[in-house]
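This report concerns only the one structure given below.
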Amino acid sequence: HDRSLKILIAAMKQSGRALLPRLNHVISLSNFLESTSADIKLIAHCHTGPGQRFDREPVIDQKWVIMIGPEGDFTPGEIEDARHRAYREINLGEAVYRTETAGMIACHTISLLYQNKP
């Protein structure tokens, strides 16, 4: 736990932000879907089309949840479960990314949406 906290603090300092990221404990997908509350809930997976891109107008202080699938992607049943819990499917672009890269791309895209807001 101490090592994880040190990594989170180092990431916060490196980014120049005053927000300490939260590291959650591992839980099952069904528990995550049932317990997560957010203003915007998204699921990124490999079977989306080009029309399913980020298109939200960002609002300050909104909570976002973006689910990034494991290697091999989400199963059709997992995607359906997310849809039933008001998750909107999104496309991160034409390329298929590794899980750790896809998470960074999603966060960067949201950051750009906030930066480009008039």
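Here, A, B, ... name the chains of the structure tokens in the order displayed, residue numbers run from 1 inside each chain, and ligands are numbered from 1 in the same displayed order.
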
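Backbone DSSP over chain A gives strand (DSSP E) for A:Ile40, A:Lys41, A:Leu42, A:Ile43, A:Ala44, A:Trp64, A:Val65, A:Ile66, A:Met67, A:Ile68, A:Arg88, A:Glu89, A:Ile90.
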
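For A:Thr48, the list of residues within 8 Å, based on only C-alpha atoms and with local chain neighbours fewer than 5 positions off taken out, reads Glu89, Ile90 and Asn91 of chain A.
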
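Close contacts of A:Ile40, defined as residues with an atom at most 7 Å away when counting only C-alpha atoms, with chain neighbours fewer than 5 positions off set aside, comprise Lys63, Trp64 and Val65 of chain A.
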
Q | Residue nearest A:Ala38 among A:Asp61, A:Asn24, A:Gly93, A:Gly16 (counting only C-alpha atoms) | A | A:Asp61

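Atom pair atom CA of A:Arg83 / atom CA of A:Pro70 has a distance of 17.5 Å (rounded to one decimal).
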
Q | Atomic distance atom CA of A:Leu29 - atom CA of A:Arg85, expressed in Å with one decimal | A | 11.9 Å
